[in-house]
Amino acid sequence: MALYSAAAAVLAGLERGDGGIKALVYNSGFPRVRQLYALVSETLRYSPVLEKLLAGAALLQAEKKLPPQLAKVLVYDLLFGKGLKCGGRWKALARRHRARLEAELARLKVQRKVSRSEDLLAPVAAASPGASQVPRYVRVNTLKTCVDDVIDFFKRQGYSYLGQAASVEDLRALSGKKFLLDLHLPELLVFPPQTDFHDNLLYTSGHIILQDKASCLPAFLLSPAAGSHIIDACAAPGNKTSHLAAILKNKGQIFAFDVDTKRLATMNTMLMRAGVTSFQLAQQDFLTVDPGNPKYSKVTCILLDPSCSGSGMVNRVPREEAAPSAERLQALAGFQRKVLSHALSFPALQRLVYSTCSLYQEENEDVVHAVLQERGSAFRLVNAFPSWPCRGLAAFPGAESCLRASPADTLTHGFFVAVLERHGEGAAAPSSLPVAAEENPQHGEGAEPGAAPKKRKRKKQRVKE
């Protein structure tokens with residue numbers, strides 16, 4: 001029952017606008033965060049369907065003491081999940097209403113002219129823009145395997161590989177058991193929406209990371225050289241940290257900070273499973289880290305993905321219900337300005353990537369502009385990834401150098417990324433930031449722009465089925 005109570009509490013927090021799904025899950029105190037995250041995500045995905053079933057069966061009217069969030073979670077697992085895992089009065093309650101709920105489900109399928117429960121999700125895109133059209137992105141963990149071996153593995157599992165995508169429309173057209181290599185990021189495979197790999201051997205062994213494409217951009221654009229010292233300032237749950245380690249090939253040092261003990265423990269487990277060795281975790285508020293500490297004297301790159309409104313996450317409740325107040329936005333932006341300014345004070349810093357999963361200008365362009373003005377000419381925005389279709393809002397001159405992402409335009413979660421580099425005295429030679437998968441030297445040296453990625457050498461361990 002603890003699982004369902006925790007999931008209901010996360011749903012309630014989302015409705016109040018207390019934060020994003022990941023933050024609420026990791027701060028819930030529930031020990032099995034992956035299980036909780038999966039249950040909350042799936043309940044959200046089925047939320048419009050569940051609301052119709054609850055209304056049709058008049059469940060909340062009959063059971064006045066049953067919180068609506070708990071009702072959704074119970075009915076999801078009863079009808080669409082792996083069956084109820086609780087006992088006591090809630091299981092008895094669900095069983096008491098099961099026949100009526102199943103009748104409502106059958107009626108809904110007839111109305112929608114579908115035979116599978118999954119097909120009931122198709123109309124959801126109209127109610128929640130982008131929620132059902134974002135593909136399943138799978139980042140190949142190059143610390144343990146290579147792209148070619150993972151492609152071969154999925155082929156043996158009955159998937160059909162279609163090669164590298166040429167456009168976003170290719171990704172949009174994916175269906176069934178077909179998959180593609182992403183058109184921008186060289187270690188990213190793309191599958192149809194709702195493809196589930198949580199029980200797949202490659203995922204449980206750390207050979208693949210389930211990570212949205214937009215979330216892969218910060219480490220990709222930071223593009224640290226092997227041997228670099230890096231700070232991941234707000235690191236948990238660790239996907240970006242593991243991505244940085246893969247780019248470094250475990251050569252160098254990553255200092256990762258987070259204030260929450262449980263999140264760090266989960267992150268440590270995840271990094272160990274992914275084969276990351278070049279990291280140090282610290283339970284510490286990044287704002288309290290001393291830039292003058294000799295320990296960080298060689299830090300040349302910082303990835304800063306601070307707490308934000310989470311308004312770009314497509315698996316959240318509808319935005320009009322979860323929109324943060326003006327006061328909360330102001331507080332978040334104040335914290336973000338403070339932490340970005342602090343990050344830029346590290347003496348050896350050459351490049352920083354600032355990112356959020358927020359749609360609001362207050363947390364994105366306005367933060368970057370305010371801190372750049374405060375810092376004078378010491379740092380400048382880099383026009384990263386010129387071929388990326390969505391640019392920053394015209395909030396200040398040069399804001400188009402920033403990147404934005406959205407379900408409609410890039411088939412990803414909503415996201416914002418800005419790349420800052422030291423300018424003037426103390427600056428390193430101008431960097432060559434990655435502009436596309438086939439143009440990134442670290443993923444195939446000497447490749448001509450527009451050429452297909454070179455065949456990867458099969459050096460890494462293979463996974464037996």
# chains A, B, ... in the order shown; residues from 1 in each chain; ligands from 1
$ residues_around --residues "range 386-393 of chain A" --least-positions-apart "2" --cutoff "9 Å" --atoms "only C-alpha atoms" --output "PDB file with C-alpha atoms, in the first residue's frame"
ATOM      1  CA  HIS A 184      21.388  14.930 -34.413  1.00  0.00           C
ATOM      2  CA  GLN A 361      11.327  33.038 -20.322  1.00  0.00           C
ATOM      3  CA  ASN A 364      15.636  30.840 -19.264  1.00  0.00           C
ATOM      4  CA  GLU A 365      16.585  33.828 -21.418  1.00  0.00           C
ATOM      5  CA  ASN A 383      25.905  30.084 -31.057  1.00  0.00           C
ATOM      6  CA  ALA A 384      25.787  26.359 -30.400  1.00  0.00           C
ATOM      7  CA  ALA A 395      14.419  38.608 -25.100  1.00  0.00           C
ATOM      8  CA  PHE A 396      17.760  40.361 -25.729  1.00  0.00           C
ATOM      9  CA  GLY A 398      21.942  37.381 -29.203  1.00  0.00           C
ATOM     10  CA  ALA A 399      19.283  35.302 -27.452  1.00  0.00           C
ATOM     11  CA  GLU A 400      18.856  33.314 -30.667  1.00  0.00           C
ATOM     12  CA  SER A 401      22.168  31.642 -29.778  1.00  0.00           C
ATOM     13  CA  CYS A 402      20.254  29.709 -27.097  1.00  0.00           C
ATOM     14  CA  LEU A 403      18.375  26.510 -27.910  1.00  0.00           C
ATOM     15  CA  ARG A 404      14.801  25.576 -27.141  1.00  0.00           C
ATOM     16  CA  ALA A 405      13.013  22.280 -27.598  1.00  0.00           C
ATOM     17  CA  SER A 406       9.336  21.346 -27.644  1.00  0.00           C
ATOM     18  CA  ASP A 409       8.872  21.234 -33.082  1.00  0.00           C
ATOM     19  CA  THR A 410      11.577  18.791 -31.975  1.00  0.00           C
ATOM     20  CA  PHE A 416      16.149  25.280 -22.830  1.00  0.00           C
ATOM     21  CA  VAL A 417      19.942  25.250 -23.265  1.00  0.00           C
ATOM     22  CA  ALA A 418      22.511  28.067 -23.297  1.00  0.00           C
ATOM     23  CA  VAL A 435      26.713  21.221 -34.727  1.00  0.00           C
ATOM     24  CA  ALA A 436      25.283  17.865 -35.810  1.00  0.00           C
TER      25      ALA A 436
END
$ residues_around --residues "Met267 in chain A" --least-positions-apart "6" --cutoff "12 Å" --atoms "only C-alpha atoms" --output "JSON list (two decimals) with N, CA and C atoms, in the first residue's frame"
[["chain", "number", "residue", "atom", "x", "y", "z"],
["A", 26, "TYR", "N", 11.81, 11.57, -6.30],
["A", 26, "TYR", "CA", 13.05, 11.38, -5.55],
["A", 26, "TYR", "C", 12.98, 11.96, -4.15],
["A", 33, "VAL", "N", 12.54, 3.93, -6.11],
["A", 33, "VAL", "CA", 12.16, 5.10, -6.91],
["A", 33, "VAL", "C", 11.82, 4.73, -8.35],
["A", 34, "ARG", "N", 12.49, 3.76, -8.92],
["A", 34, "ARG", "CA", 12.18, 3.37, -10.30],
["A", 34, "ARG", "C", 10.76, 2.84, -10.40],
["A", 234, "CYS", "N", 24.00, 20.33, -10.17],
["A", 234, "CYS", "CA", 22.74, 19.84, -9.59],
["A", 234, "CYS", "C", 22.47, 18.49, -10.25],
["A", 235, "ALA", "N", 23.14, 17.46, -9.77],
["A", 235, "ALA", "CA", 23.38, 16.27, -10.59],
["A", 235, "ALA", "C", 22.28, 15.22, -10.61],
["A", 236, "ALA", "N", 21.64, 14.95, -9.48],
["A", 236, "ALA", "CA", 20.67, 13.85, -9.44],
["A", 236, "ALA", "C", 19.54, 14.10, -10.44],
["A", 237, "PRO", "N", 19.00, 13.05, -11.08],
["A", 237, "PRO", "CA", 19.22, 11.62, -10.81],
["A", 237, "PRO", "C", 20.43, 10.98, -11.48],
["A", 238, "GLY", "N", 21.18, 11.72, -12.34],
["A", 238, "GLY", "CA", 22.45, 11.20, -12.82],
["A", 238, "GLY", "C", 22.57, 10.86, -14.29],
["A", 239, "ASN", "N", 21.49, 11.00, -15.07],
["A", 239, "ASN", "CA", 21.59, 10.67, -16.50],
["A", 239, "ASN", "C", 22.62, 11.55, -17.21],
["A", 240, "LYS", "N", 22.60, 12.86, -16.91],
["A", 240, "LYS", "CA", 23.55, 13.76, -17.55],
["A", 240, "LYS", "C", 24.97, 13.47, -17.08],
["A", 241, "THR", "N", 25.12, 13.08, -15.80],
["A", 241, "THR", "CA", 26.44, 12.74, -15.28],
["A", 241, "THR", "C", 27.01, 11.54, -16.01],
["A", 242, "SER", "N", 26.19, 10.51, -16.21],
["A", 242, "SER", "CA", 26.66, 9.32, -16.93],
["A", 242, "SER", "C", 26.98, 9.65, -18.38],
["A", 256, "ALA", "N", 30.15, 15.82, -8.71],
["A", 256, "ALA", "CA", 28.70, 15.90, -8.81],
["A", 256, "ALA", "C", 28.10, 16.26, -7.46],
["A", 257, "PHE", "N", 27.20, 17.25, -7.45],
["A", 257, "PHE", "CA", 26.62, 17.75, -6.20],
["A", 257, "PHE", "C", 25.11, 17.60, -6.21],
["A", 258, "ASP", "N", 24.58, 17.28, -5.03],
["A", 258, "ASP", "CA", 23.14, 17.33, -4.80],
["A", 258, "ASP", "C", 22.92, 17.40, -3.30],
["A", 260, "ASP", "N", 20.26, 16.17, -1.58],
["A", 260, "ASP", "CA", 19.41, 15.13, -1.02],
["A", 260, "ASP", "C", 20.14, 13.79, -0.93],
["A", 261, "THR", "N", 20.18, 13.22, 0.27],
["A", 261, "THR", "CA", 20.89, 11.97, 0.51],
["A", 261, "THR", "C", 20.31, 10.82, -0.31],
["A", 273, "ARG", "N", 26.00, 1.08, -12.10],
["A", 273, "ARG", "CA", 25.44, 0.17, -13.10],
["A", 273, "ARG", "C", 25.86, 0.57, -14.51],
["A", 274, "ALA", "N", 26.03, 1.89, -14.72],
["A", 274, "ALA", "CA", 26.42, 2.39, -16.04],
["A", 274, "ALA", "C", 27.92, 2.28, -16.29],
["A", 276, "VAL", "N", 30.35, 3.97, -14.67],
["A", 276, "VAL", "CA", 31.05, 5.24, -14.48],
["A", 276, "VAL", "C", 32.03, 5.10, -13.32],
["A", 279, "PHE", "N", 34.10, 9.75, -11.03],
["A", 279, "PHE", "CA", 33.20, 10.72, -10.40],
["A", 279, "PHE", "C", 33.39, 10.74, -8.90],
["A", 280, "GLN", "N", 33.04, 11.89, -8.31],
["A", 280, "GLN", "CA", 32.97, 12.05, -6.86],
["A", 280, "GLN", "C", 31.63, 12.69, -6.54],
["A", 281, "LEU", "N", 30.82, 12.02, -5.71],
["A", 281, "LEU", "CA", 29.53, 12.57, -5.30],
["A", 281, "LEU", "C", 29.69, 13.31, -3.99],
["A", 282, "ALA", "N", 28.96, 14.41, -3.85],
["A", 282, "ALA", "CA", 29.00, 15.17, -2.61],
["A", 282, "ALA", "C", 27.59, 15.62, -2.25],
["A", 283, "GLN", "N", 27.16, 15.31, -1.01],
["A", 283, "GLN", "CA", 25.88, 15.83, -0.54],
["A", 283, "GLN", "C", 26.12, 17.26, -0.05]]
$ select_by_dssp --residues "range 144-309 of chain A" --states "strand (DSSP E)" --output "MDAnalysis selection string"
chainID A and resid 160:164 178:181 188:191 208:210 229:232 253:258 279:283 299:304
$ atom_distance --atom1 "CA of Leu174 in chain A" --atom2 "CA of Asn141 in chain A"
22.7 Å
$ closest_residue --among "A:Tyr161, A:Leu189, A:Asp149, A:Asp285" --to "Gly176 in chain A" --atoms "only C-alpha atoms"
A:Tyr161
$ residues_around --residues "Leu79 in chain A" --least-positions-apart "3" --cutoff "9 Å" --atoms "only C-alpha atoms" --output "list in words"
Leu74, Val75, Tyr76, Lys82, Gly83, Arg98, Leu101, Glu102 and Leu105 of chain A
$ residues_around --residues "range 350-356 of chain A" --least-positions-apart "3" --cutoff "8 Å" --atoms "only C-alpha atoms" --output "list in words"
Pro218, Ala219, Leu221, Leu222, Thr300, Cys301, Ile302, Leu303, Leu304, Asp305, Pro306, Ser307, Cys308, Gly310, Leu340, Leu344, Glu363, Asn364, Phe415, Phe416, Val417, Ala418, Val419, Leu420, Glu421, Arg422, Ala427 and Ala428 of chain A
$ write_last_selection --atoms "N, CA, C and O atoms" --output "compact mmCIF listing (two decimals), in the first residue's frame"
# COMPACT_ATOMS: atom_id res chain seq x y z
N PRO A 218 22.57 18.97 -23.05
CA PRO A 218 23.57 19.68 -22.24
C PRO A 218 24.95 19.04 -22.25
O PRO A 218 25.95 19.73 -22.49
N ALA A 219 25.04 17.74 -21.99
CA ALA A 219 26.36 17.09 -21.99
C ALA A 219 26.97 17.09 -23.39
O ALA A 219 28.17 17.31 -23.56
N LEU A 221 26.55 19.28 -25.76
CA LEU A 221 27.03 20.61 -26.13
C LEU A 221 28.17 21.08 -25.24
O LEU A 221 28.98 21.90 -25.66
N LEU A 222 28.25 20.58 -24.01
CA LEU A 222 29.41 20.89 -23.18
C LEU A 222 30.66 20.28 -23.81
O LEU A 222 31.73 20.88 -23.83
N THR A 300 37.32 23.09 -15.73
CA THR A 300 37.19 23.94 -16.92
C THR A 300 35.79 23.93 -17.51
O THR A 300 35.46 24.78 -18.34
N CYS A 301 34.96 22.96 -17.09
CA CYS A 301 33.61 22.83 -17.65
C CYS A 301 32.60 22.62 -16.52
O CYS A 301 32.87 21.86 -15.58
N ILE A 302 31.47 23.27 -16.62
CA ILE A 302 30.39 23.08 -15.64
C ILE A 302 29.08 22.85 -16.37
O ILE A 302 28.75 23.57 -17.33
N LEU A 303 28.35 21.83 -15.93
CA LEU A 303 26.99 21.59 -16.41
C LEU A 303 26.05 22.00 -15.28
O LEU A 303 26.11 21.46 -14.18
N LEU A 304 25.20 22.97 -15.56
CA LEU A 304 24.29 23.52 -14.55
C LEU A 304 22.85 23.33 -15.01
O LEU A 304 22.40 23.98 -15.95
N ASP A 305 22.14 22.42 -14.35
CA ASP A 305 20.74 22.14 -14.66
C ASP A 305 19.96 22.30 -13.34
O ASP A 305 19.62 21.32 -12.70
N PRO A 306 19.68 23.54 -12.93
CA PRO A 306 19.14 23.78 -11.60
C PRO A 306 17.65 23.44 -11.49
O PRO A 306 16.97 23.20 -12.50
N SER A 307 17.16 23.45 -10.26
CA SER A 307 15.72 23.26 -10.03
C SER A 307 14.94 24.30 -10.82
O SER A 307 15.34 25.47 -10.92
N CYS A 308 13.82 23.85 -11.40
CA CYS A 308 13.00 24.76 -12.21
C CYS A 308 11.54 24.35 -12.07
O CYS A 308 11.21 23.43 -11.33
N GLY A 310 9.74 22.85 -14.17
CA GLY A 310 9.42 21.58 -14.82
C GLY A 310 8.28 21.68 -15.81
O GLY A 310 7.69 20.67 -16.21
N LEU A 340 23.81 30.38 -11.23
CA LEU A 340 24.57 30.57 -12.47
C LEU A 340 25.73 31.53 -12.24
O LEU A 340 26.86 31.29 -12.69
N LEU A 344 29.90 30.69 -12.57
CA LEU A 344 30.84 31.43 -13.42
C LEU A 344 32.03 31.98 -12.64
O LEU A 344 32.96 32.54 -13.23
N GLU A 363 12.79 31.88 -16.46
CA GLU A 363 13.77 30.93 -15.97
C GLU A 363 14.88 30.66 -16.98
O GLU A 363 15.86 29.98 -16.65
N ASN A 364 14.73 31.18 -18.17
CA ASN A 364 15.64 30.84 -19.26
C ASN A 364 16.40 32.07 -19.77
O ASN A 364 17.44 32.43 -19.23
N PHE A 415 12.43 22.20 -23.37
CA PHE A 415 13.76 22.33 -22.79
C PHE A 415 14.39 23.63 -23.26
O PHE A 415 14.01 24.20 -24.28
N PHE A 416 15.39 24.08 -22.49
CA PHE A 416 16.15 25.28 -22.83
C PHE A 416 17.62 25.01 -22.54
O PHE A 416 17.96 24.42 -21.51
N VAL A 417 18.50 25.44 -23.46
CA VAL A 417 19.94 25.25 -23.26
C VAL A 417 20.68 26.51 -23.73
O VAL A 417 20.39 27.05 -24.80
N ALA A 418 21.62 26.96 -22.91
CA ALA A 418 22.51 28.07 -23.30
C ALA A 418 23.94 27.63 -23.03
O ALA A 418 24.24 27.02 -22.00
N VAL A 419 24.84 27.94 -23.96
CA VAL A 419 26.26 27.62 -23.81
C VAL A 419 27.03 28.92 -23.64
O VAL A 419 26.95 29.82 -24.49
N LEU A 420 27.76 29.02 -22.53
CA LEU A 420 28.55 30.22 -22.24
C LEU A 420 30.03 29.86 -22.24
O LEU A 420 30.42 28.80 -21.73
N GLU A 421 30.85 30.73 -22.80
CA GLU A 421 32.30 30.53 -22.81
C GLU A 421 33.01 31.77 -22.29
O GLU A 421 32.54 32.90 -22.49
N ARG A 422 34.16 31.53 -21.64
CA ARG A 422 34.97 32.66 -21.17
C ARG A 422 35.46 33.46 -22.38
O ARG A 422 35.82 32.92 -23.42
N ALA A 427 40.83 33.34 -21.55
CA ALA A 427 40.02 32.44 -22.35
C ALA A 427 40.90 31.46 -23.11
O ALA A 427 42.00 31.80 -23.55
N ALA A 428 40.40 30.25 -23.26
CA ALA A 428 41.09 29.26 -24.08
C ALA A 428 40.84 29.57 -25.55
O ALA A 428 40.07 30.47 -25.89
$ atom_distance --atom1 "CA of Ala226 in chain A" --atom2 "CA of Tyr137 in chain A"
25.3 Å
$ select_by_dssp --residues "range 272-440 of chain A" --states "alpha helix (DSSP H)" --output "VMD selection string"
chain A and resid 272 to 273 319 to 322 326 to 343 365 to 375 407 to 410
